[in-house]
file run_0.pdb (PDB, C-alpha atoms, pLDDT in the B column)
ATOM      1  CA  MET A   6      85.514   8.446 -20.536  1.00 51.00           C
ATOM      2  CA  LYS A   7      86.115   8.370 -16.794  1.00 59.00           C
ATOM      3  CA  PRO A   8      83.742  10.700 -14.956  1.00 59.00           C
ATOM      4  CA  GLY A   9      85.207  13.467 -12.808  1.00 64.00           C
ATOM      5  CA  LYS A  10      85.421  13.110  -9.068  1.00 83.00           C
ATOM      6  CA  THR A  11      82.962  15.843  -8.156  1.00 93.00           C
ATOM      7  CA  ILE A  12      79.234  15.636  -8.757  1.00 94.00           C
ATOM      8  CA  THR A  13      77.211  18.842  -8.619  1.00 94.00           C
ATOM      9  CA  GLN A  14      73.484  18.382  -8.839  1.00 93.00           C
ATOM     10  CA  ARG A  15      70.649  20.879  -8.564  1.00 91.00           C
ATOM     11  CA  TYR A  16      67.783  19.949  -6.273  1.00 91.00           C
ATOM     12  CA  LEU A  17      64.720  18.403  -7.883  1.00 87.00           C
ATOM     13  CA  LYS A  18      62.186  21.197  -7.470  1.00 84.00           C
ATOM     14  CA  TYR A  19      58.492  21.421  -8.224  1.00 81.00           C
ATOM     15  CA  SER A  20      55.248  22.764  -6.808  1.00 80.00           C
ATOM     16  CA  TYR A  21      52.450  20.730  -5.303  1.00 80.00           C
ATOM     17  CA  GLU A  22      49.326  22.046  -3.598  1.00 80.00           C
ATOM     18  CA  GLY A  23      50.798  25.527  -3.373  1.00 83.00           C
ATOM     19  CA  GLU A  24      54.076  24.446  -1.799  1.00 84.00           C
ATOM     20  CA  THR A  25      57.472  24.093  -3.383  1.00 85.00           C
ATOM     21  CA  ILE A  26      59.159  20.741  -2.899  1.00 84.00           C
ATOM     22  CA  ARG A  27      62.965  20.724  -3.084  1.00 88.00           C
ATOM     23  CA  LEU A  28      64.796  17.437  -2.903  1.00 90.00           C
ATOM     24  CA  PRO A  29      68.568  16.803  -2.937  1.00 94.00           C
ATOM     25  CA  MET A  30      68.665  13.877  -5.339  1.00 93.00           C
ATOM     26  CA  VAL A  31      71.245  12.152  -7.479  1.00 95.00           C
ATOM     27  CA  PRO A  32      70.769   9.746 -10.371  1.00 95.00           C
ATOM     28  CA  VAL A  33      71.618   6.123  -9.591  1.00 97.00           C
ATOM     29  CA  ARG A  34      71.392   2.683 -11.150  1.00 97.00           C
ATOM     30  CA  LEU A  35      70.408  -0.230  -8.928  1.00 98.00           C
ATOM     31  CA  ARG A  36      71.751  -3.665  -9.795  1.00 97.00           C
ATOM     32  CA  ALA A  37      70.785  -6.971  -8.231  1.00 95.00           C
ATOM     33  CA  GLY A  38      70.785 -10.425  -9.754  1.00 91.00           C
ATOM     34  CA  ASP A  39      70.355  -9.989 -13.512  1.00 92.00           C
ATOM     35  CA  GLY A  40      68.231  -6.875 -13.114  1.00 93.00           C
ATOM     36  CA  SER A  41      68.998  -3.194 -13.189  1.00 95.00           C
ATOM     37  CA  VAL A  42      67.031   0.028 -13.143  1.00 96.00           C
ATOM     38  CA  LYS A  43      67.957   3.679 -13.349  1.00 97.00           C
ATOM     39  CA  THR A  44      66.241   5.954 -10.870  1.00 97.00           C
ATOM     40  CA  VAL A  45      66.839   8.796  -8.414  1.00 94.00           C
ATOM     41  CA  ALA A  46      68.015   8.706  -4.830  1.00 96.00           C
ATOM     42  CA  LEU A  47      67.500  11.166  -2.016  1.00 95.00           C
ATOM     43  CA  VAL A  48      70.739  11.948  -0.202  1.00 96.00           C
ATOM     44  CA  ASP A  49      69.704  11.915   3.456  1.00 94.00           C
ATOM     45  CA  SER A  50      72.233  12.842   6.119  1.00 93.00           C
ATOM     46  CA  GLY A  51      69.668  12.004   8.801  1.00 90.00           C
ATOM     47  CA  ALA A  52      69.298   8.378   7.781  1.00 92.00           C
ATOM     48  CA  THR A  53      71.694   5.847   9.307  1.00 92.00           C
ATOM     49  CA  ALA A  54      70.611   3.211   6.781  1.00 93.00           C
ATOM     50  CA  SER A  55      69.642   3.149   3.115  1.00 96.00           C
ATOM     51  CA  PHE A  56      66.243   2.239   1.691  1.00 96.00           C
ATOM     52  CA  VAL A  57      64.891   1.096  -1.647  1.00 97.00           C
ATOM     53  CA  PRO A  58      61.168   1.108  -2.474  1.00 96.00           C
ATOM     54  CA  PRO A  59      59.724  -2.403  -2.936  1.00 96.00           C
ATOM     55  CA  GLU A  60      58.298  -1.248  -6.269  1.00 96.00           C
ATOM     56  CA  LEU A  61      61.862  -0.931  -7.647  1.00 97.00           C
ATOM     57  CA  VAL A  62      62.904  -4.301  -6.215  1.00 96.00           C
ATOM     58  CA  GLU A  63      59.972  -5.797  -8.120  1.00 96.00           C
ATOM     59  CA  ILE A  64      61.502  -4.402 -11.332  1.00 96.00           C
ATOM     60  CA  LEU A  65      64.883  -5.905 -10.412  1.00 96.00           C
ATOM     61  CA  GLY A  66      63.160  -9.245  -9.998  1.00 93.00           C
ATOM     62  CA  VAL A  67      65.313 -10.447  -7.126  1.00 90.00           C
ATOM     63  CA  PRO A  68      64.133 -12.388  -4.113  1.00 85.00           C
ATOM     64  CA  VAL A  69      64.092 -10.432  -0.886  1.00 82.00           C
ATOM     65  CA  GLY A  70      66.328 -11.490   1.980  1.00 79.00           C
ATOM     66  CA  GLU A  71      65.787 -11.876   5.667  1.00 87.00           C
ATOM     67  CA  THR A  72      63.219  -9.854   7.528  1.00 91.00           C
ATOM     68  CA  SER A  73      64.410  -6.892   9.545  1.00 92.00           C
ATOM     69  CA  SER A  74      63.009  -3.623  10.794  1.00 91.00           C
ATOM     70  CA  ALA A  75      63.838   0.051  10.758  1.00 90.00           C
ATOM     71  CA  SER A  76      62.908   2.849  13.088  1.00 85.00           C
ATOM     72  CA  GLY A  77      61.456   6.109  11.900  1.00 78.00           C
ATOM     73  CA  ALA A  78      59.642   9.098  13.262  1.00 74.00           C
ATOM     74  CA  GLY A  79      56.393   7.141  13.015  1.00 74.00           C
ATOM     75  CA  GLY A  80      57.799   4.135  14.883  1.00 83.00           C
ATOM     76  CA  ASP A  81      59.260   0.847  13.755  1.00 88.00           C
ATOM     77  CA  PHE A  82      58.331  -0.649  10.405  1.00 89.00           C
ATOM     78  CA  PRO A  83      59.185  -4.049   8.915  1.00 93.00           C
ATOM     79  CA  THR A  84      61.665  -4.397   6.091  1.00 95.00           C
ATOM     80  CA  HIS A  85      63.458  -7.029   4.070  1.00 95.00           C
ATOM     81  CA  LEU A  86      67.213  -6.860   3.572  1.00 95.00           C
ATOM     82  CA  VAL A  87      68.455  -7.060  -0.018  1.00 95.00           C
ATOM     83  CA  GLU A  88      72.045  -7.083  -1.265  1.00 94.00           C
ATOM     84  CA  MET A  89      72.508  -4.792  -4.231  1.00 96.00           C
ATOM     85  CA  THR A  90      74.935  -2.570  -6.061  1.00 97.00           C
ATOM     86  CA  ILE A  91      74.143   1.115  -6.176  1.00 97.00           C
ATOM     87  CA  GLU A  92      75.890   2.925  -9.015  1.00 97.00           C
ATOM     88  CA  VAL A  93      76.045   6.687  -8.561  1.00 96.00           C
ATOM     89  CA  LEU A  94      75.780   8.231 -12.025  1.00 94.00           C
ATOM     90  CA  LYS A  95      77.344  11.337 -13.461  1.00 92.00           C
ATOM     91  CA  ASP A  96      76.460  12.253 -17.043  1.00 86.00           C
ATOM     92  CA  HIS A  97      75.274   8.682 -17.698  1.00 82.00           C
ATOM     93  CA  SER A  98      78.608   7.228 -16.537  1.00 92.00           C
ATOM     94  CA  VAL A  99      79.203   5.311 -13.333  1.00 95.00           C
ATOM     95  CA  ALA A 100      81.020   7.592 -10.883  1.00 94.00           C
ATOM     96  CA  CYS A 101      80.935   5.242  -7.912  1.00 94.00           C
ATOM     97  CA  LYS A 102      79.811   1.698  -7.131  1.00 96.00           C
ATOM     98  CA  ILE A 103      78.479   0.909  -3.694  1.00 96.00           C
ATOM     99  CA  GLU A 104      77.724  -2.673  -2.681  1.00 96.00           C
ATOM    100  CA  GLU A 105      75.501  -2.760   0.338  1.00 94.00           C
ATOM    101  CA  GLU A 106      72.629  -4.496   2.035  1.00 94.00           C
ATOM    102  CA  VAL A 107      69.686  -2.112   1.923  1.00 96.00           C
ATOM    103  CA  HIS A 108      66.348  -2.045   3.690  1.00 95.00           C
ATOM    104  CA  VAL A 109      63.281  -2.627   1.532  1.00 96.00           C
ATOM    105  CA  PRO A 110      60.127  -1.651   3.413  1.00 94.00           C
ATOM    106  CA  ILE A 111      57.524  -4.393   3.221  1.00 94.00           C
ATOM    107  CA  GLU A 112      54.774  -1.811   2.900  1.00 90.00           C
ATOM    108  CA  ALA A 113      54.639  -0.191  -0.549  1.00 89.00           C
ATOM    109  CA  GLY A 114      54.600   3.601  -0.426  1.00 85.00           C
ATOM    110  CA  ARG A 115      56.639   3.842   2.779  1.00 87.00           C
ATOM    111  CA  VAL A 116      59.507   5.383   0.788  1.00 90.00           C
ATOM    112  CA  PRO A 117      58.723   6.921  -2.612  1.00 91.00           C
ATOM    113  CA  TYR A 118      62.329   6.867  -3.794  1.00 93.00           C
ATOM    114  CA  VAL A 119      65.710   5.413  -2.939  1.00 96.00           C
ATOM    115  CA  VAL A 120      67.098   6.936   0.248  1.00 95.00           C
ATOM    116  CA  LEU A 121      70.881   6.902   0.575  1.00 96.00           C
ATOM    117  CA  GLY A 122      71.928   7.271   4.183  1.00 94.00           C
ATOM    118  CA  ARG A 123      75.164   7.462   6.067  1.00 93.00           C
ATOM    119  CA  ASP A 124      75.920   3.757   5.551  1.00 93.00           C
ATOM    120  CA  THR A 125      76.324   4.154   1.784  1.00 94.00           C
ATOM    121  CA  ILE A 126      76.925   7.369  -0.118  1.00 95.00           C
ATOM    122  CA  PHE A 127      78.336   9.267   2.877  1.00 96.00           C
ATOM    123  CA  LEU A 128      81.134   6.693   3.170  1.00 95.00           C
ATOM    124  CA  HIS A 129      82.201   7.412  -0.412  1.00 95.00           C
ATOM    125  CA  TYR A 130      81.771  11.169  -0.733  1.00 96.00           C
ATOM    126  CA  ASP A 131      82.188  14.337   1.268  1.00 96.00           C
ATOM    127  CA  ILE A 132      78.809  15.933   0.772  1.00 97.00           C
ATOM    128  CA  THR A 133      77.807  19.570   0.926  1.00 97.00           C
ATOM    129  CA  PHE A 134      74.199  20.730   0.887  1.00 96.00           C
ATOM    130  CA  ARG A 135      73.984  24.276  -0.441  1.00 97.00           C
ATOM    131  CA  GLU A 136      70.421  24.849   0.660  1.00 94.00           C
ATOM    132  CA  ARG A 137      70.059  28.451  -0.460  1.00 94.00           C
ATOM    133  CA  ARG A 138      71.490  27.601  -3.870  1.00 95.00           C
ATOM    134  CA  GLU A 139      69.394  24.426  -4.014  1.00 94.00           C
ATOM    135  CA  MET A 140      72.403  22.375  -4.914  1.00 95.00           C
ATOM    136  CA  ILE A 141      74.186  19.299  -3.609  1.00 96.00           C
ATOM    137  CA  ILE A 142      77.908  18.725  -4.144  1.00 97.00           C
ATOM    138  CA  LEU A 143      79.551  15.310  -3.761  1.00 97.00           C
ATOM    139  CA  ARG A 144      83.326  15.241  -3.650  1.00 96.00           C
ATOM    140  CA  LYS A 145      85.537  12.186  -3.524  1.00 92.00           C
ATOM    141  CA  PRO A 146      87.665  12.607  -0.405  1.00 89.00           C
ATOM    142  CA  LYS A 147      91.414  12.889  -0.811  1.00 81.00           C
ATOM    143  CA  ARG A 148      93.175   9.777   0.411  1.00 70.00           C
TER     144      ARG A 148
ATOM    145  CA  MET B  30      75.184  16.060 -21.250  1.00 61.00           C
ATOM    146  CA  VAL B  31      71.522  16.071 -20.219  1.00 68.00           C
ATOM    147  CA  THR B  32      70.492  13.235 -17.945  1.00 79.00           C
ATOM    148  CA  GLU B  33      66.937  12.104 -17.390  1.00 83.00           C
ATOM    149  CA  LEU B  34      67.002  13.762 -13.970  1.00 80.00           C
ATOM    150  CA  ASP B  35      68.173  17.009 -15.582  1.00 80.00           C
ATOM    151  CA  TYR B  36      65.318  16.662 -18.061  1.00 80.00           C
ATOM    152  CA  LEU B  37      62.775  16.216 -15.258  1.00 78.00           C
ATOM    153  CA  MET B  38      64.197  19.226 -13.449  1.00 76.00           C
ATOM    154  CA  SER B  39      63.985  21.356 -16.563  1.00 77.00           C
ATOM    155  CA  SER B  40      60.302  20.630 -17.027  1.00 73.00           C
ATOM    156  CA  GLN B  41      58.695  21.475 -13.692  1.00 69.00           C
ATOM    157  CA  ALA B  42      55.298  22.062 -15.285  1.00 66.00           C
ATOM    158  CA  GLN B  43      55.424  18.562 -16.742  1.00 73.00           C
ATOM    159  CA  ILE B  44      56.368  16.754 -13.555  1.00 79.00           C
ATOM    160  CA  GLU B  45      53.746  18.590 -11.538  1.00 81.00           C
ATOM    161  CA  LYS B  46      51.149  16.770 -13.643  1.00 87.00           C
ATOM    162  CA  TYR B  47      52.494  13.445 -12.435  1.00 89.00           C
ATOM    163  CA  VAL B  48      52.744  14.015  -8.685  1.00 88.00           C
ATOM    164  CA  GLY B  49      52.009  10.743  -6.924  1.00 90.00           C
ATOM    165  CA  LEU B  50      52.696   8.660 -10.032  1.00 93.00           C
ATOM    166  CA  TRP B  51      55.642   6.691 -11.378  1.00 95.00           C
ATOM    167  CA  VAL B  52      57.151   7.993 -14.595  1.00 94.00           C
ATOM    168  CA  ALA B  53      59.498   6.383 -17.099  1.00 95.00           C
ATOM    169  CA  VAL B  54      61.829   8.652 -19.055  1.00 93.00           C
ATOM    170  CA  VAL B  55      63.761   7.662 -22.159  1.00 92.00           C
ATOM    171  CA  GLY B  56      66.091  10.345 -23.443  1.00 87.00           C
ATOM    172  CA  ARG B  57      64.195  13.614 -23.138  1.00 86.00           C
ATOM    173  CA  LYS B  58      60.713  12.183 -23.108  1.00 89.00           C
ATOM    174  CA  ILE B  59      58.324  10.874 -20.488  1.00 91.00           C
ATOM    175  CA  VAL B  60      57.231   7.667 -22.196  1.00 94.00           C
ATOM    176  CA  ALA B  61      54.992   6.043 -19.587  1.00 95.00           C
ATOM    177  CA  THR B  62      53.247   7.021 -16.367  1.00 95.00           C
ATOM    178  CA  GLY B  63      51.057   5.185 -13.892  1.00 96.00           C
ATOM    179  CA  GLU B  64      50.542   3.919 -10.374  1.00 95.00           C
ATOM    180  CA  SER B  65      52.647   0.763 -10.802  1.00 96.00           C
ATOM    181  CA  ALA B  66      56.415   1.124 -11.210  1.00 96.00           C
ATOM    182  CA  LYS B  67      56.698  -2.315 -12.833  1.00 97.00           C
ATOM    183  CA  ASP B  68      53.926  -1.595 -15.301  1.00 97.00           C
ATOM    184  CA  VAL B  69      55.482   1.764 -16.228  1.00 97.00           C
ATOM    185  CA  TYR B  70      58.902   0.119 -16.652  1.00 97.00           C
ATOM    186  CA  ASP B  71      57.494  -2.744 -18.754  1.00 97.00           C
ATOM    187  CA  ARG B  72      55.606  -0.362 -21.046  1.00 97.00           C
ATOM    188  CA  ALA B  73      58.747   1.747 -21.543  1.00 97.00           C
ATOM    189  CA  ILE B  74      60.830  -1.343 -22.403  1.00 96.00           C
ATOM    190  CA  LEU B  75      58.161  -2.527 -24.822  1.00 97.00           C
ATOM    191  CA  ALA B  76      57.954   0.846 -26.554  1.00 96.00           C
ATOM    192  CA  PHE B  77      61.719   1.429 -26.623  1.00 95.00           C
ATOM    193  CA  PRO B  78      63.455  -1.935 -26.854  1.00 94.00           C
ATOM    194  CA  GLY B  79      67.182  -1.728 -26.213  1.00 92.00           C
ATOM    195  CA  GLU B  80      66.873   1.490 -24.223  1.00 92.00           C
ATOM    196  CA  GLU B  81      67.349   1.735 -20.466  1.00 93.00           C
ATOM    197  CA  PRO B  82      64.409   3.612 -19.024  1.00 95.00           C
ATOM    198  CA  PHE B  83      64.801   5.873 -16.024  1.00 95.00           C
ATOM    199  CA  VAL B  84      61.984   5.159 -13.554  1.00 96.00           C
ATOM    200  CA  ALA B  85      61.049   7.390 -10.642  1.00 94.00           C
ATOM    201  CA  LYS B  86      58.094   8.393  -8.568  1.00 92.00           C
ATOM    202  CA  VAL B  87      57.182  12.060  -8.375  1.00 88.00           C
ATOM    203  CA  PRO B  88      56.576  12.222  -4.640  1.00 83.00           C
ATOM    204  CA  ARG B  89      53.708  14.139  -3.127  1.00 78.00           C
ATOM    205  CA  GLU B  90      55.311  14.140   0.300  1.00 66.00           C
ATOM    206  CA  LYS B  91      56.133  17.709   1.341  1.00 60.00           C
ATOM    207  CA  VAL B  92      57.832  16.489   4.472  1.00 55.00           C
ATOM    208  CA  MET B  93      59.167  12.974   4.753  1.00 58.00           C
ATOM    209  CA  LEU B  94      60.442  11.389   7.910  1.00 52.00           C
ATOM    210  CA  LEU B  95      61.098   7.696   7.839  1.00 52.00           C
TER     211      LEU B  95
END
call {"tool": "encode", "arguments": {"input": "run_0.pdb", "output": "structure tokens"}}
result
Amino acid sequence: MKPGKTITQRYLKYSYEGETIRLPMVPVRLRAGDGSVKTVALVDSGATASFVPPELVEILGVPVGETSSASGAGGDFPTHLVEMTIEVLKDHSVACKIEEEVHVPIEAGRVPYVVLGRDTIFLHYDITFRERREMIILRKPKR
Amino acid sequence: MVTELDYLMSSQAQIEKYVGLWVAVVGRKIVATGESAKDVYDRAILAFPGEEPFVAKVPREKVMLL
């Protein structure tokens, strides 16, 4: 069955050390080479690029590409570039396929999850963050 | 239809136990946890052959800036 065009997802929410963490995340499948893995991705309107943790690239079993770097609040950090397909999932079905070169930080732990920035998911969806309702809505734009 | 992410969100008390760790979910069950994503994934595949595990880290970061 073809998934609908709109994805509505509640924030991932839990408590840690007395604080509540709320994260606008969507389920995704990463594909590269012969490997694939299902995981979650933070939708980050402040990121101009997209990032995948090296721990997930290890599961995919693909060689990393050329060395690059990214700039963050803590300064520049080295990355590898890796071509992959990011499948945005809705109810276990693929709602959208995004083929893109992503940054993989060389240092493990730099990003704890996939970060989808404005170079990937924002080019495919109009995205609304409903912060007070702790909900993210992704709509396919009308052509 | 309940996805693995929906399952994690419905069980806050469970995921709070695994902050800082990688978890593998198959269906509605956390089937492996640990500090290595690959190890967690491999154990899930071994225990549930033919299934596609969902693997994620439960982040401890309260504020994350790249």
call {"tool": "resolve_selection", "arguments": {"input": "run_0.pdb", "expression": "the PyMOL selection byres ((chain B and resi 58) around 12)", "output": "PDB file with C-alpha atoms, in the frame of the given file"}}
result
ATOM      1  CA  VAL B  31      71.522  16.071 -20.219  1.00 68.00           C
ATOM      2  CA  THR B  32      70.492  13.235 -17.945  1.00 79.00           C
ATOM      3  CA  GLU B  33      66.937  12.104 -17.390  1.00 83.00           C
ATOM      4  CA  LEU B  34      67.002  13.762 -13.970  1.00 80.00           C
ATOM      5  CA  ASP B  35      68.173  17.009 -15.582  1.00 80.00           C
ATOM      6  CA  TYR B  36      65.318  16.662 -18.061  1.00 80.00           C
ATOM      7  CA  LEU B  37      62.775  16.216 -15.258  1.00 78.00           C
ATOM      8  CA  SER B  39      63.985  21.356 -16.563  1.00 77.00           C
ATOM      9  CA  SER B  40      60.302  20.630 -17.027  1.00 73.00           C
ATOM     10  CA  GLN B  43      55.424  18.562 -16.742  1.00 73.00           C
ATOM     11  CA  ILE B  44      56.368  16.754 -13.555  1.00 79.00           C
ATOM     12  CA  VAL B  52      57.151   7.993 -14.595  1.00 94.00           C
ATOM     13  CA  ALA B  53      59.498   6.383 -17.099  1.00 95.00           C
ATOM     14  CA  VAL B  54      61.829   8.652 -19.055  1.00 93.00           C
ATOM     15  CA  VAL B  55      63.761   7.662 -22.159  1.00 92.00           C
ATOM     16  CA  GLY B  56      66.091  10.345 -23.443  1.00 87.00           C
ATOM     17  CA  ARG B  57      64.195  13.614 -23.138  1.00 86.00           C
ATOM     18  CA  ILE B  59      58.324  10.874 -20.488  1.00 91.00           C
ATOM     19  CA  VAL B  60      57.231   7.667 -22.196  1.00 94.00           C
ATOM     20  CA  ALA B  61      54.992   6.043 -19.587  1.00 95.00           C
ATOM     21  CA  THR B  62      53.247   7.021 -16.367  1.00 95.00           C
ATOM     22  CA  ALA B  73      58.747   1.747 -21.543  1.00 97.00           C
ATOM     23  CA  PHE B  77      61.719   1.429 -26.623  1.00 95.00           C
ATOM     24  CA  PRO B  82      64.409   3.612 -19.024  1.00 95.00           C
ATOM     25  CA  PHE B  83      64.801   5.873 -16.024  1.00 95.00           C
ATOM     26  CA  VAL B  84      61.984   5.159 -13.554  1.00 96.00           C
TER      27      VAL B  84
END
call {"tool": "residues_around", "arguments": {"input": "run_0.pdb", "residues": "Val120 (chain A)", "least_positions_apart": "5", "cutoff": "9 Å", "atoms": "only C-alpha atoms", "output": "list in words"}}
result
Val45, Ala46, Leu47, Val48, Asp49, Ala52, Ala54, Ser55, Phe56, Val57 and Pro58 of chain A
call {"tool": "atom_distance", "arguments": {"input": "run_0.pdb", "atom1": "CA of Val116 (chain A)", "atom2": "CA of Glu60 (chain A)"}}
result
9.8 Å
call {"tool": "residues_around", "arguments": {"input": "run_0.pdb", "residues": "Tyr19 (chain A)", "least_positions_apart": "6", "cutoff": "7 Å", "atoms": "only C-alpha atoms", "output": "number ranges by chain"}}
result
A: 25-27; B: 41, 45
call {"tool": "residues_around", "arguments": {"input": "run_0.pdb", "residues": "region 47-49 of chain B", "least_positions_apart": "3", "cutoff": "6 Å", "atoms": "all atoms listed in the file", "output": "mmCIF file with C-alpha atoms, in the coordinates of the input"}}
result
data_model
loop_
_atom_site.group_PDB
_atom_site.id
_atom_site.type_symbol
_atom_site.label_atom_id
_atom_site.label_comp_id
_atom_site.auth_asym_id
_atom_site.auth_seq_id
_atom_site.Cartn_x
_atom_site.Cartn_y
_atom_site.Cartn_z
ATOM 1 C CA ILE B 44 56.368 16.754 -13.555
ATOM 2 C CA VAL B 87 57.182 12.060 -8.375
ATOM 3 C CA PRO B 88 56.576 12.222 -4.640
ATOM 4 C CA ARG B 89 53.708 14.139 -3.127
#
call {"tool": "resolve_selection", "arguments": {"input": "run_0.pdb", "expression": "the PyMOL selection byres ((chain A and resi 88-100) around 6)", "output": "list in words"}}
result
Pro8, Pro32, Val33, Arg34, Leu35, Arg36, Ala37, Val87, Cys101, Lys102, Ile103, Glu104, Glu105 and Glu106 of chain A; Met30 of chain B
call {"tool": "interface_residues", "arguments": {"input": "run_0.pdb", "of": "chain A", "to": "chain B", "cutoff": "8 Å", "atoms": "all atoms listed in the file", "output": "VMD selection string"}}
result
chain A and resid 17 to 21 24 26 31 to 32 42 to 45 60 to 61 63 to 64 76 to 79 96 to 97 115 to 118
call {"tool": "atom_distance", "arguments": {"input": "run_0.pdb", "atom1": "CA of Met140 (chain A)", "atom2": "CA of Thr125 (chain A)"}}
result
19.8 Å
call {"tool": "axis_aligned_box", "arguments": {"input": "run_0.pdb", "around": "region 30-40 of chain A", "padding_each_side": "8 Å", "output": "AutoDock Vina command-line options"}}
result
--center_x 70.0 --center_y 1.7 --center_z -9.4 --size_x 19.5 --size_y 40.3 --size_z 24.2
call {"tool": "atom_distance", "arguments": {"input": "run_0.pdb", "atom1": "CA of Ser73 (chain A)", "atom2": "CA of Gly38 (chain A)"}}
result
20.6 Å
call {"tool": "resolve_selection", "arguments": {"input": "run_0.pdb", "expression": "the PyMOL selection byres ((chain A and resi 142-148) around 12)", "output": "VMD selection string"}}
result
chain A and resid 8 to 16 29 to 31 48 93 to 95 100 to 101 126 to 136 138 to 141
